[in-house]
$ cat structure32.cif   # mmCIF, C-alpha atoms and all ligand atoms; chains and numbers go by the auth columns
data_target
loop_
_atom_site.group_PDB
_atom_site.id
_atom_site.type_symbol
_atom_site.label_atom_id
_atom_site.label_comp_id
_atom_site.label_asym_id
_atom_site.label_seq_id
_atom_site.Cartn_x
_atom_site.Cartn_y
_atom_site.Cartn_z
_atom_site.B_iso_or_equiv
_atom_site.auth_seq_id
_atom_site.auth_asym_id
ATOM 1 C CA MET A 1 74.513 0.497 -13.258 0.00 10 A
ATOM 2 C CA HIS A 2 76.670 -0.897 -10.453 0.00 11 A
ATOM 3 C CA VAL A 3 80.396 -0.486 -10.695 0.00 12 A
ATOM 4 C CA GLN A 4 82.994 -2.102 -8.465 0.00 13 A
ATOM 5 C CA GLN A 5 86.542 -0.815 -8.154 0.00 14 A
ATOM 6 C CA LEU A 6 89.234 -3.343 -7.308 0.00 15 A
ATOM 7 C CA CYS A 7 92.944 -3.244 -6.617 0.00 16 A
ATOM 8 C CA ARG A 8 95.867 -5.597 -6.068 0.00 17 A
ATOM 9 C CA LEU A 9 99.179 -4.747 -4.470 0.00 18 A
ATOM 10 C CA LEU A 10 102.178 -6.414 -6.055 0.00 19 A
ATOM 11 C CA THR A 11 104.597 -7.629 -3.395 0.00 20 A
ATOM 12 C CA ALA A 12 106.780 -9.875 -5.582 0.00 21 A
ATOM 13 C CA PRO A 13 107.529 -10.139 -9.296 0.00 22 A
ATOM 14 C CA PRO A 14 104.370 -11.598 -10.928 0.00 23 A
ATOM 15 C CA GLN A 15 104.776 -15.095 -12.309 0.00 24 A
ATOM 16 C CA CYS A 16 103.235 -16.058 -15.647 0.00 25 A
ATOM 17 C CA ILE A 17 101.870 -19.602 -15.717 0.00 26 A
ATOM 18 C CA ALA A 18 102.059 -20.881 -19.289 0.00 27 A
ATOM 19 C CA VAL A 19 98.945 -22.270 -21.002 0.00 28 A
ATOM 20 C CA ALA A 20 99.620 -25.067 -23.491 0.00 29 A
ATOM 21 C CA GLY A 21 99.338 -23.847 -27.069 0.00 30 A
ATOM 22 C CA VAL A 22 98.920 -20.188 -26.060 0.00 31 A
ATOM 23 C CA GLU A 23 101.356 -17.389 -26.692 0.00 32 A
ATOM 24 C CA VAL A 24 101.163 -13.789 -25.421 0.00 33 A
ATOM 25 C CA ARG A 25 102.399 -11.083 -27.747 0.00 34 A
ATOM 26 C CA PRO A 26 102.128 -7.317 -28.109 0.00 35 A
ATOM 27 C CA PHE A 27 99.520 -5.701 -30.337 0.00 36 A
ATOM 28 C CA GLY A 28 100.806 -5.742 -33.902 0.00 37 A
ATOM 29 C CA GLY A 29 99.443 -2.422 -35.165 0.00 38 A
ATOM 30 C CA SER A 30 96.710 -1.885 -37.731 0.00 39 A
ATOM 31 C CA ARG A 31 96.817 -5.520 -38.906 0.00 40 A
ATOM 32 C CA ASP A 32 95.417 -6.571 -35.498 0.00 41 A
ATOM 33 C CA ILE A 33 92.529 -4.116 -35.254 0.00 42 A
ATOM 34 C CA SER A 34 89.834 -6.164 -37.005 0.00 43 A
ATOM 35 C CA GLY A 35 90.837 -9.357 -35.166 0.00 44 A
ATOM 36 C CA TRP A 36 90.766 -7.507 -31.836 0.00 45 A
ATOM 37 C CA ILE A 37 87.287 -6.104 -32.560 0.00 46 A
ATOM 38 C CA ASP A 38 86.059 -9.577 -33.493 0.00 47 A
ATOM 39 C CA LEU A 39 87.503 -10.954 -30.252 0.00 48 A
ATOM 40 C CA MET A 40 85.786 -8.279 -28.156 0.00 49 A
ATOM 41 C CA CYS A 41 82.423 -8.873 -29.846 0.00 50 A
ATOM 42 C CA ASP A 42 82.742 -12.613 -29.295 0.00 51 A
ATOM 43 C CA ALA A 43 83.860 -12.318 -25.660 0.00 52 A
ATOM 44 C CA PHE A 44 81.157 -9.818 -24.634 0.00 53 A
ATOM 45 C CA VAL A 45 78.291 -11.252 -26.719 0.00 54 A
ATOM 46 C CA ALA A 46 76.471 -12.543 -23.622 0.00 55 A
ATOM 47 C CA ALA A 47 77.522 -9.753 -21.254 0.00 56 A
ATOM 48 C CA ASP A 48 74.814 -8.340 -19.010 0.00 57 A
ATOM 49 C CA PRO A 49 74.887 -5.352 -18.856 0.00 58 A
ATOM 50 C CA PRO A 50 75.508 -5.635 -22.589 0.00 59 A
ATOM 51 C CA MET A 51 78.415 -4.216 -24.507 0.00 60 A
ATOM 52 C CA ARG A 52 77.798 -2.307 -27.693 0.00 61 A
ATOM 53 C CA PRO A 53 79.962 -3.929 -30.432 0.00 62 A
ATOM 54 C CA TRP A 54 83.207 -2.105 -31.155 0.00 63 A
ATOM 55 C CA THR A 55 83.842 -0.507 -34.544 0.00 64 A
ATOM 56 C CA THR A 56 87.130 0.586 -36.104 0.00 65 A
ATOM 57 C CA ALA A 57 86.152 4.188 -35.362 0.00 66 A
ATOM 58 C CA ASP A 58 85.622 3.276 -31.693 0.00 67 A
ATOM 59 C CA PHE A 59 89.035 1.656 -31.590 0.00 68 A
ATOM 60 C CA GLU A 60 90.737 4.700 -33.071 0.00 69 A
ATOM 61 C CA LYS A 61 88.891 7.076 -30.776 0.00 70 A
ATOM 62 C CA HIS A 62 89.547 4.973 -27.693 0.00 71 A
ATOM 63 C CA PHE A 63 93.184 4.024 -28.208 0.00 72 A
ATOM 64 C CA LEU A 64 94.605 6.700 -30.499 0.00 73 A
ATOM 65 C CA SER A 65 93.196 9.932 -29.155 0.00 74 A
ATOM 66 C CA HIS A 66 93.994 9.732 -25.426 0.00 75 A
ATOM 67 C CA ALA A 67 97.443 10.291 -23.935 0.00 76 A
ATOM 68 C CA ASP A 68 96.989 7.519 -21.363 0.00 77 A
ATOM 69 C CA ARG A 69 95.885 4.799 -23.809 0.00 78 A
ATOM 70 C CA SER A 70 97.803 3.202 -26.639 0.00 79 A
ATOM 71 C CA PRO A 71 97.581 0.074 -28.771 0.00 80 A
ATOM 72 C CA ASP A 72 101.179 -0.538 -27.627 0.00 81 A
ATOM 73 C CA GLU A 73 99.719 -1.328 -24.213 0.00 82 A
ATOM 74 C CA ILE A 74 97.405 -4.071 -25.519 0.00 83 A
ATOM 75 C CA PHE A 75 98.590 -7.637 -24.957 0.00 84 A
ATOM 76 C CA LEU A 76 97.159 -10.475 -27.002 0.00 85 A
ATOM 77 C CA ALA A 77 96.842 -14.188 -26.372 0.00 86 A
ATOM 78 C CA CYS A 78 97.030 -16.286 -29.561 0.00 87 A
ATOM 79 C CA ASP A 79 96.484 -19.950 -30.263 0.00 88 A
ATOM 80 C CA GLY A 80 98.894 -22.154 -32.201 0.00 89 A
ATOM 81 C CA GLU A 81 97.539 -20.774 -35.464 0.00 90 A
ATOM 82 C CA TYR A 82 97.987 -17.130 -34.413 0.00 91 A
ATOM 83 C CA ARG A 83 94.249 -16.552 -33.916 0.00 92 A
ATOM 84 C CA LEU A 84 93.433 -14.038 -31.204 0.00 93 A
ATOM 85 C CA ILE A 85 91.799 -15.777 -28.259 0.00 94 A
ATOM 86 C CA GLY A 86 92.223 -13.204 -25.493 0.00 95 A
ATOM 87 C CA SER A 87 93.320 -9.680 -24.780 0.00 96 A
ATOM 88 C CA VAL A 88 94.006 -7.198 -22.020 0.00 97 A
ATOM 89 C CA ALA A 89 94.923 -3.510 -22.138 0.00 98 A
ATOM 90 C CA LEU A 90 96.968 -1.454 -19.702 0.00 99 A
ATOM 91 C CA ARG A 91 96.030 2.139 -19.062 0.00 100 A
ATOM 92 C CA VAL A 92 98.387 4.309 -17.033 0.00 101 A
ATOM 93 C CA ARG A 93 96.920 7.537 -15.718 0.00 102 A
ATOM 94 C CA SER A 94 98.896 10.252 -13.990 0.00 103 A
ATOM 95 C CA GLY A 95 97.618 10.943 -10.506 0.00 104 A
ATOM 96 C CA ARG A 96 97.557 14.298 -8.714 0.00 105 A
ATOM 97 C CA ASP A 97 101.043 13.811 -7.292 0.00 106 A
ATOM 98 C CA ARG A 98 102.329 12.690 -10.709 0.00 107 A
ATOM 99 C CA LYS A 99 102.144 9.121 -9.464 0.00 108 A
ATOM 100 C CA HIS A 100 101.377 6.686 -12.261 0.00 109 A
ATOM 101 C CA ILE A 101 98.217 4.685 -11.714 0.00 110 A
ATOM 102 C CA PRO A 102 98.062 1.520 -13.820 0.00 111 A
ATOM 103 C CA ALA A 103 94.710 -0.069 -14.564 0.00 112 A
ATOM 104 C CA ILE A 104 93.488 -3.193 -16.316 0.00 113 A
ATOM 105 C CA HIS A 105 91.152 -2.504 -19.230 0.00 114 A
ATOM 106 C CA TRP A 106 89.213 -4.606 -21.696 0.00 115 A
ATOM 107 C CA LEU A 107 90.122 -8.032 -20.433 0.00 116 A
ATOM 108 C CA ALA A 108 88.423 -10.625 -22.619 0.00 117 A
ATOM 109 C CA VAL A 109 88.785 -14.296 -23.511 0.00 118 A
ATOM 110 C CA ARG A 110 86.811 -16.084 -26.215 0.00 119 A
ATOM 111 C CA PRO A 111 84.117 -18.326 -24.659 0.00 120 A
ATOM 112 C CA GLU A 112 85.587 -21.575 -26.001 0.00 121 A
ATOM 113 C CA TRP A 113 88.969 -20.779 -24.405 0.00 122 A
ATOM 114 C CA ARG A 114 87.703 -19.976 -20.922 0.00 123 A
ATOM 115 C CA ARG A 115 88.716 -21.736 -17.681 0.00 124 A
ATOM 116 C CA ARG A 116 92.119 -22.708 -19.059 0.00 125 A
ATOM 117 C CA GLY A 117 94.126 -19.932 -17.413 0.00 126 A
ATOM 118 C CA VAL A 118 94.272 -17.548 -20.397 0.00 127 A
ATOM 119 C CA ALA A 119 93.004 -14.496 -18.472 0.00 128 A
ATOM 120 C CA ARG A 120 95.266 -15.357 -15.540 0.00 129 A
ATOM 121 C CA LEU A 121 98.208 -15.463 -17.965 0.00 130 A
ATOM 122 C CA LEU A 122 97.257 -12.142 -19.602 0.00 131 A
ATOM 123 C CA VAL A 123 96.822 -10.339 -16.299 0.00 132 A
ATOM 124 C CA ALA A 124 100.112 -11.754 -14.976 0.00 133 A
ATOM 125 C CA HIS A 125 101.800 -10.512 -18.147 0.00 134 A
ATOM 126 C CA LEU A 126 100.342 -7.029 -17.650 0.00 135 A
ATOM 127 C CA GLU A 127 101.313 -7.079 -13.957 0.00 136 A
ATOM 128 C CA ARG A 128 104.858 -8.070 -14.865 0.00 137 A
ATOM 129 C CA VAL A 129 105.093 -5.120 -17.264 0.00 138 A
ATOM 130 C CA CYS A 130 103.912 -2.873 -14.407 0.00 139 A
ATOM 131 C CA TRP A 131 106.372 -4.450 -11.984 0.00 140 A
ATOM 132 C CA GLN A 132 109.247 -3.825 -14.400 0.00 141 A
ATOM 133 C CA ARG A 133 108.212 -0.142 -14.548 0.00 142 A
ATOM 134 C CA GLY A 134 108.196 0.131 -10.752 0.00 143 A
ATOM 135 C CA MET A 135 104.399 0.123 -10.392 0.00 144 A
ATOM 136 C CA ARG A 136 103.156 -1.862 -7.433 0.00 145 A
ATOM 137 C CA GLU A 137 99.398 -1.178 -7.327 0.00 146 A
ATOM 138 C CA ILE A 138 97.077 -2.299 -10.124 0.00 147 A
ATOM 139 C CA HIS A 139 93.523 -0.989 -10.344 0.00 148 A
ATOM 140 C CA LEU A 140 90.434 -1.831 -12.347 0.00 149 A
ATOM 141 C CA GLU A 141 86.717 -1.261 -12.585 0.00 150 A
ATOM 142 C CA THR A 142 84.133 -3.854 -13.426 0.00 151 A
ATOM 143 C CA HIS A 143 80.368 -4.219 -13.432 0.00 152 A
ATOM 144 C CA THR A 144 78.879 -6.230 -10.622 0.00 153 A
ATOM 145 C CA GLY A 145 76.636 -7.944 -13.179 0.00 154 A
ATOM 146 C CA TRP A 146 79.638 -9.422 -14.983 0.00 155 A
ATOM 147 C CA HIS A 147 79.782 -12.408 -12.647 0.00 156 A
ATOM 148 C CA GLU A 148 82.540 -14.317 -14.432 0.00 157 A
ATOM 149 C CA ALA A 149 84.780 -11.276 -14.202 0.00 158 A
ATOM 150 C CA ALA A 150 83.963 -10.801 -10.506 0.00 159 A
ATOM 151 C CA ARG A 151 84.840 -14.420 -9.755 0.00 160 A
ATOM 152 C CA PHE A 152 87.997 -14.217 -11.828 0.00 161 A
ATOM 153 C CA TYR A 153 89.323 -11.080 -10.134 0.00 162 A
ATOM 154 C CA GLU A 154 88.511 -12.471 -6.708 0.00 163 A
ATOM 155 C CA ALA A 155 90.361 -15.696 -7.575 0.00 164 A
ATOM 156 C CA ILE A 156 93.524 -13.840 -8.556 0.00 165 A
ATOM 157 C CA GLY A 157 93.572 -11.617 -5.482 0.00 166 A
ATOM 158 C CA TYR A 158 91.923 -8.326 -6.467 0.00 167 A
ATOM 159 C CA LEU A 159 90.096 -6.713 -3.568 0.00 168 A
ATOM 160 C CA PRO A 160 87.369 -4.036 -3.528 0.00 169 A
ATOM 161 C CA THR A 161 88.671 -0.551 -2.765 0.00 170 A
ATOM 162 C CA HIS A 162 85.313 1.211 -2.449 0.00 171 A
ATOM 163 C CA GLN A 163 81.666 0.420 -1.935 0.00 172 A
ATOM 164 C CA VAL A 164 79.820 -0.567 -5.091 0.00 173 A
ATOM 165 C CA THR A 165 78.727 2.676 -6.744 0.00 174 A
ATOM 166 C CA GLU A 166 75.794 3.376 -8.988 0.00 175 A
ATOM 167 C CA ARG A 167 76.578 5.252 -12.170 0.00 176 A
ATOM 168 C CA SER A 168 74.142 6.650 -14.640 0.00 177 A
ATOM 169 C CA SER A 169 76.687 6.529 -17.452 0.00 178 A
ATOM 170 C CA MET A 170 77.667 2.961 -18.220 0.00 179 A
ATOM 171 C CA ARG A 171 81.183 2.182 -19.319 0.00 180 A
ATOM 172 C CA THR A 172 79.801 -0.781 -21.202 0.00 181 A
ATOM 173 C CA ALA A 173 80.406 0.834 -24.541 0.00 182 A
ATOM 174 C CA PRO A 174 83.725 1.514 -26.222 0.00 183 A
ATOM 175 C CA ASP A 175 83.732 5.277 -25.737 0.00 184 A
HETATM 176 C C1 LIG B . 86.423 -12.987 -16.997 0.00 201 A
HETATM 177 C C2 LIG B . 87.206 -13.757 -18.085 0.00 201 A
HETATM 178 C C3 LIG B . 88.187 -12.796 -18.735 0.00 201 A
HETATM 179 C C4 LIG B . 87.967 -14.928 -17.401 0.00 201 A
HETATM 180 O O1 LIG B . 88.758 -15.559 -18.407 0.00 201 A
HETATM 181 P P1 LIG B . 89.302 -17.056 -18.258 0.00 201 A
HETATM 182 O O2 LIG B . 90.412 -17.226 -19.235 0.00 201 A
HETATM 183 O O3 LIG B . 88.184 -18.028 -18.338 0.00 201 A
HETATM 184 O O4 LIG B . 89.879 -17.074 -16.759 0.00 201 A
HETATM 185 P P2 LIG B . 90.943 -18.109 -16.172 0.00 201 A
HETATM 186 O O5 LIG B . 90.786 -19.435 -16.841 0.00 201 A
HETATM 187 O O6 LIG B . 92.295 -17.499 -16.205 0.00 201 A
HETATM 188 O O7 LIG B . 90.434 -18.238 -14.659 0.00 201 A
HETATM 189 C C5 LIG B . 91.302 -18.166 -13.530 0.00 201 A
HETATM 190 C C6 LIG B . 90.467 -18.432 -12.292 0.00 201 A
HETATM 191 O O8 LIG B . 89.443 -17.432 -12.139 0.00 201 A
HETATM 192 C C7 LIG B . 88.231 -18.046 -11.623 0.00 201 A
HETATM 193 N N1 LIG B . 87.183 -17.997 -12.642 0.00 201 A
HETATM 194 C C8 LIG B . 87.276 -17.581 -13.932 0.00 201 A
HETATM 195 N N2 LIG B . 86.080 -17.654 -14.547 0.00 201 A
HETATM 196 C C9 LIG B . 85.198 -18.117 -13.621 0.00 201 A
HETATM 197 C C10 LIG B . 83.802 -18.424 -13.665 0.00 201 A
HETATM 198 N N3 LIG B . 83.080 -18.271 -14.792 0.00 201 A
HETATM 199 N N4 LIG B . 83.218 -18.892 -12.542 0.00 201 A
HETATM 200 C C11 LIG B . 83.938 -19.072 -11.398 0.00 201 A
HETATM 201 N N5 LIG B . 85.290 -18.808 -11.307 0.00 201 A
HETATM 202 C C12 LIG B . 85.890 -18.341 -12.404 0.00 201 A
HETATM 203 C C13 LIG B . 88.595 -19.506 -11.322 0.00 201 A
HETATM 204 O O9 LIG B . 89.102 -19.557 -9.995 0.00 201 A
HETATM 205 C C14 LIG B . 89.708 -19.755 -12.334 0.00 201 A
HETATM 206 O O10 LIG B . 90.576 -20.792 -11.953 0.00 201 A
HETATM 207 P P3 LIG B . 90.098 -22.336 -12.201 0.00 201 A
HETATM 208 O O11 LIG B . 89.568 -22.400 -13.623 0.00 201 A
HETATM 209 O O12 LIG B . 91.375 -23.111 -12.002 0.00 201 A
HETATM 210 O O13 LIG B . 89.033 -22.631 -11.188 0.00 201 A
HETATM 211 C C15 LIG B . 86.232 -14.355 -19.146 0.00 201 A
HETATM 212 O O14 LIG B . 85.209 -15.067 -18.505 0.00 201 A
HETATM 213 C C16 LIG B . 85.592 -13.315 -20.066 0.00 201 A
HETATM 214 O O15 LIG B . 86.183 -12.927 -21.076 0.00 201 A
HETATM 215 N N6 LIG B . 84.364 -12.860 -19.712 0.00 201 A
HETATM 216 C C17 LIG B . 83.614 -11.878 -20.536 0.00 201 A
HETATM 217 C C18 LIG B . 84.297 -10.533 -20.610 0.00 201 A
HETATM 218 C C19 LIG B . 84.491 -9.889 -19.251 0.00 201 A
HETATM 219 O O16 LIG B . 83.654 -9.922 -18.370 0.00 201 A
HETATM 220 N N7 LIG B . 85.678 -9.249 -19.103 0.00 201 A
HETATM 221 C C20 LIG B . 86.071 -8.554 -17.880 0.00 201 A
HETATM 222 C C21 LIG B . 85.652 -7.143 -17.965 0.00 201 A
HETATM 223 S S1 LIG B . 86.030 -6.242 -16.476 0.00 201 A
#
$ encode --input "structure32.cif" --output "structure tokens" --more "lines below"
Ligand SMILES: CC(C)(COP(=O)(O)OP(=O)(O)OC[C@H]1O[C@@H](n2cnc3c(N)ncnc32)[C@H](O)[C@@H]1OP(=O)(O)O)[C@@H](O)C(=O)NCCC(=O)NCCS
Amino acid sequence: MHVQQLCRLLTAPPQCIAVAGVEVRPFGGSRDISGWIDLMCDAFVAADPPMRPWTTADFEKHFLSHADRSPDEIFLACDGEYRLIGSVALRVRSGRDRKHIPAIHWLAVRPEWRRRGVARLLVAHLERVCWQRGMREIHLETHTGWHEAARFYEAIGYLPTHQVTERSSMRTAPD
């Protein structure tokens, strides 16, 4: 499994470019869990390497039992009828020197909504949250086989920080 780590330095307040008919809002608690799981299954259905479908138990384990992850740090894109069409999660780890290291997690847009700027809007929203908290360096990891993601991150200015690494354990499952 080949993993690529990427990073972008924020040098100015990130600008969110609106997408017609799309609104970004915070995660709304337990009422959003099933919709979020459905969105993730839909968005990753064709992923190669594949993603095991999320369950409610996965969600609780992933977002509710780690100090550096929280549903409050999930941002949702909704269409005019409040259906979830995209999502991104922020994870902030504490580094060795107590520096906070923000990272993009679980970025996903439903296939029928792609190439309209929804992911760009979600990432800009997350970056703006980081900017407001004084964080200037955003990190992420992706799989080299997820070509759409690679092209997306390149297009919005994320650069590789390390050589591609091979990992035996795949973070392609929600655990
Ligand atoms: C990667 C993903 C989130 C991109 O979402 P999106 O809403 O389509 O992205 P955007 O419309 O904001 O794209 C912004 C720019 O990124 C680039 N881009 C995005 N998808 C691309 C693709 N499939 N091929 C080439 N360039 C692409 C383009 O430059 C695009 O601008 P343009 O449409 O004006 O040319 C989406 O394809 C997805 O959900 N993929 C499956 C899940 C996944 O891989 N998630 C990332 C895990 S790390």
$ closest_residue --input "structure32.cif" --among "A:Tyr162, A:Tyr167, A:Trp155, A:Phe84" --to "Trp45 in chain A" --atoms "all atoms listed in the file"
A:Phe84
$ residues_near_ligand --input "structure32.cif" --ligand "ligand LIG 201 (chain A)" --cutoff "7 Å" --atoms "all atoms listed in the file" --output "PDB file with C-alpha atoms, keeping the file's coordinate frame"
ATOM      1  CA  ALA A  52      83.860 -12.318 -25.660  1.00  0.00           C
ATOM      2  CA  PHE A  53      81.157  -9.818 -24.634  1.00  0.00           C
ATOM      3  CA  ALA A  56      77.522  -9.753 -21.254  1.00  0.00           C
ATOM      4  CA  HIS A 114      91.152  -2.504 -19.230  1.00  0.00           C
ATOM      5  CA  TRP A 115      89.213  -4.606 -21.696  1.00  0.00           C
ATOM      6  CA  LEU A 116      90.122  -8.032 -20.433  1.00  0.00           C
ATOM      7  CA  ALA A 117      88.423 -10.625 -22.619  1.00  0.00           C
ATOM      8  CA  VAL A 118      88.785 -14.296 -23.511  1.00  0.00           C
ATOM      9  CA  ARG A 119      86.811 -16.084 -26.215  1.00  0.00           C
ATOM     10  CA  PRO A 120      84.117 -18.326 -24.659  1.00  0.00           C
ATOM     11  CA  TRP A 122      88.969 -20.779 -24.405  1.00  0.00           C
ATOM     12  CA  ARG A 123      87.703 -19.976 -20.922  1.00  0.00           C
ATOM     13  CA  ARG A 124      88.716 -21.736 -17.681  1.00  0.00           C
ATOM     14  CA  ARG A 125      92.119 -22.708 -19.059  1.00  0.00           C
ATOM     15  CA  GLY A 126      94.126 -19.932 -17.413  1.00  0.00           C
ATOM     16  CA  VAL A 127      94.272 -17.548 -20.397  1.00  0.00           C
ATOM     17  CA  ALA A 128      93.004 -14.496 -18.472  1.00  0.00           C
ATOM     18  CA  ARG A 129      95.266 -15.357 -15.540  1.00  0.00           C
ATOM     19  CA  LEU A 130      98.208 -15.463 -17.965  1.00  0.00           C
ATOM     20  CA  GLU A 150      86.717  -1.261 -12.585  1.00  0.00           C
ATOM     21  CA  THR A 151      84.133  -3.854 -13.426  1.00  0.00           C
ATOM     22  CA  HIS A 152      80.368  -4.219 -13.432  1.00  0.00           C
ATOM     23  CA  TRP A 155      79.638  -9.422 -14.983  1.00  0.00           C
ATOM     24  CA  GLU A 157      82.540 -14.317 -14.432  1.00  0.00           C
ATOM     25  CA  ALA A 158      84.780 -11.276 -14.202  1.00  0.00           C
ATOM     26  CA  ARG A 160      84.840 -14.420  -9.755  1.00  0.00           C
ATOM     27  CA  PHE A 161      87.997 -14.217 -11.828  1.00  0.00           C
ATOM     28  CA  TYR A 162      89.323 -11.080 -10.134  1.00  0.00           C
ATOM     29  CA  ALA A 164      90.361 -15.696  -7.575  1.00  0.00           C
ATOM     30  CA  ILE A 165      93.524 -13.840  -8.556  1.00  0.00           C
TER      31      ILE A 165
END
$ resolve_selection --input "structure32.cif" --expression "the PyMOL selection byres (((chain A and resi 21-35) around 7) and not hetatm)" --output "ChimeraX atom specification"
/A:19-20,36-37,81,83-89,126-127,130,133-134,136-137,140
$ write_last_selection --input "structure32.cif" --atoms "C-alpha atoms" --output "mmCIF file, in the coordinates of the input"
data_model
loop_
_atom_site.group_PDB
_atom_site.id
_atom_site.type_symbol
_atom_site.label_atom_id
_atom_site.label_comp_id
_atom_site.auth_asym_id
_atom_site.auth_seq_id
_atom_site.Cartn_x
_atom_site.Cartn_y
_atom_site.Cartn_z
ATOM 1 C CA LEU A 19 102.178 -6.414 -6.055
ATOM 2 C CA THR A 20 104.597 -7.629 -3.395
ATOM 3 C CA PHE A 36 99.520 -5.701 -30.337
ATOM 4 C CA GLY A 37 100.806 -5.742 -33.902
ATOM 5 C CA ASP A 81 101.179 -0.538 -27.627
ATOM 6 C CA ILE A 83 97.405 -4.071 -25.519
ATOM 7 C CA PHE A 84 98.590 -7.637 -24.957
ATOM 8 C CA LEU A 85 97.159 -10.475 -27.002
ATOM 9 C CA ALA A 86 96.842 -14.188 -26.372
ATOM 10 C CA CYS A 87 97.030 -16.286 -29.561
ATOM 11 C CA ASP A 88 96.484 -19.950 -30.263
ATOM 12 C CA GLY A 89 98.894 -22.154 -32.201
ATOM 13 C CA GLY A 126 94.126 -19.932 -17.413
ATOM 14 C CA VAL A 127 94.272 -17.548 -20.397
ATOM 15 C CA LEU A 130 98.208 -15.463 -17.965
ATOM 16 C CA ALA A 133 100.112 -11.754 -14.976
ATOM 17 C CA HIS A 134 101.800 -10.512 -18.147
ATOM 18 C CA GLU A 136 101.313 -7.079 -13.957
ATOM 19 C CA ARG A 137 104.858 -8.070 -14.865
ATOM 20 C CA TRP A 140 106.372 -4.450 -11.984
#
$ atom_distance --input "structure32.cif" --atom1 "CA of Leu48 in chain A" --atom2 "CA of Leu99 in chain A"
17.1 Å
$ residues_around --input "structure32.cif" --residues "Ser39 in chain A" --least-positions-apart "3" --cutoff "12 Å" --atoms "only C-alpha atoms" --output "mmCIF file with C-alpha atoms, keeping the file's coordinate frame"
data_model
loop_
_atom_site.group_PDB
_atom_site.id
_atom_site.type_symbol
_atom_site.label_atom_id
_atom_site.label_comp_id
_atom_site.auth_asym_id
_atom_site.auth_seq_id
_atom_site.Cartn_x
_atom_site.Cartn_y
_atom_site.Cartn_z
ATOM 1 C CA PHE A 36 99.520 -5.701 -30.337
ATOM 2 C CA ILE A 42 92.529 -4.116 -35.254
ATOM 3 C CA SER A 43 89.834 -6.164 -37.005
ATOM 4 C CA GLY A 44 90.837 -9.357 -35.166
ATOM 5 C CA TRP A 45 90.766 -7.507 -31.836
ATOM 6 C CA ILE A 46 87.287 -6.104 -32.560
ATOM 7 C CA THR A 65 87.130 0.586 -36.104
ATOM 8 C CA PHE A 68 89.035 1.656 -31.590
ATOM 9 C CA GLU A 69 90.737 4.700 -33.071
ATOM 10 C CA PHE A 72 93.184 4.024 -28.208
ATOM 11 C CA LEU A 73 94.605 6.700 -30.499
ATOM 12 C CA PRO A 80 97.581 0.074 -28.771
ATOM 13 C CA ASP A 81 101.179 -0.538 -27.627
#
$ closest_residue --input "structure32.cif" --among "A:Asp77, A:Asp41, A:Glu163, A:Glu121" --to "Arg100 in chain A" --atoms "all atoms listed in the file"
A:Asp77
$ atom_distance --input "structure32.cif" --atom1 "CA of Gln14 in chain A" --atom2 "CA of Lys108 in chain A"
18.5 Å
$ residues_near_point --input "structure32.cif" --point "(102.1, 8.8, -13.1)" --cutoff "12 Å" --atoms "only C-alpha atoms" --output "list in words"
Ala76, Asp77, Arg100, Val101, Arg102, Ser103, Gly104, Arg105, Asp106, Arg107, Lys108, His109, Ile110, Pro111, Ala112, Cys139, Arg142, Gly143, Met144 and Glu146 of chain A
$ residues_around --input "structure32.cif" --residues "Arg176 in chain A" --least-positions-apart "6" --cutoff "10 Å" --atoms "only C-alpha atoms" --output "list of chain:residue names"
A:Met10, A:His11, A:Val12
$ closest_residue --input "structure32.cif" --among "A:Leu18, A:Leu135, A:Ala159, A:Met49" --to "Arg61 in chain A" --atoms "only C-alpha atoms"
A:Met49
$ build_atoms --input "structure32.cif" --residues "range 109-118 of chain A" --atoms "N, CA and C atoms" --output "PDB file, in the frame of the given file"
ATOM      1  N   HIS A 109     102.034   7.407 -11.170  1.00  0.00           N
ATOM      2  CA  HIS A 109     101.377   6.686 -12.261  1.00  0.00           C
ATOM      3  C   HIS A 109     100.431   5.640 -11.691  1.00  0.00           C
ATOM      4  N   ILE A 110      99.215   5.634 -12.217  1.00  0.00           N
ATOM      5  CA  ILE A 110      98.217   4.685 -11.714  1.00  0.00           C
ATOM      6  C   ILE A 110      97.851   3.716 -12.840  1.00  0.00           C
ATOM      7  N   PRO A 111      98.370   2.482 -12.760  1.00  0.00           N
ATOM      8  CA  PRO A 111      98.062   1.520 -13.820  1.00  0.00           C
ATOM      9  C   PRO A 111      96.713   0.837 -13.590  1.00  0.00           C
ATOM     10  N   ALA A 112      96.014   0.598 -14.668  1.00  0.00           N
ATOM     11  CA  ALA A 112      94.710  -0.069 -14.564  1.00  0.00           C
ATOM     12  C   ALA A 112      94.539  -1.089 -15.689  1.00  0.00           C
ATOM     13  N   ILE A 113      93.836  -2.151 -15.342  1.00  0.00           N
ATOM     14  CA  ILE A 113      93.488  -3.193 -16.316  1.00  0.00           C
ATOM     15  C   ILE A 113      92.248  -2.734 -17.082  1.00  0.00           C
ATOM     16  N   HIS A 114      92.297  -2.858 -18.404  1.00  0.00           N
ATOM     17  CA  HIS A 114      91.152  -2.504 -19.230  1.00  0.00           C
ATOM     18  C   HIS A 114      90.882  -3.609 -20.254  1.00  0.00           C
ATOM     19  N   TRP A 115      89.631  -3.770 -20.569  1.00  0.00           N
ATOM     20  CA  TRP A 115      89.213  -4.606 -21.696  1.00  0.00           C
ATOM     21  C   TRP A 115      89.832  -5.998 -21.665  1.00  0.00           C
ATOM     22  N   LEU A 116      89.705  -6.634 -20.533  1.00  0.00           N
ATOM     23  CA  LEU A 116      90.122  -8.032 -20.433  1.00  0.00           C
ATOM     24  C   LEU A 116      89.035  -8.891 -21.069  1.00  0.00           C
ATOM     25  N   ALA A 117      89.420  -9.782 -21.942  1.00  0.00           N
ATOM     26  CA  ALA A 117      88.423 -10.625 -22.619  1.00  0.00           C
ATOM     27  C   ALA A 117      89.073 -11.904 -23.123  1.00  0.00           C
ATOM     28  N   VAL A 118      88.339 -12.997 -22.986  1.00  0.00           N
ATOM     29  CA  VAL A 118      88.785 -14.296 -23.511  1.00  0.00           C
ATOM     30  C   VAL A 118      87.610 -14.905 -24.272  1.00  0.00           C
TER      31      VAL A 118
END
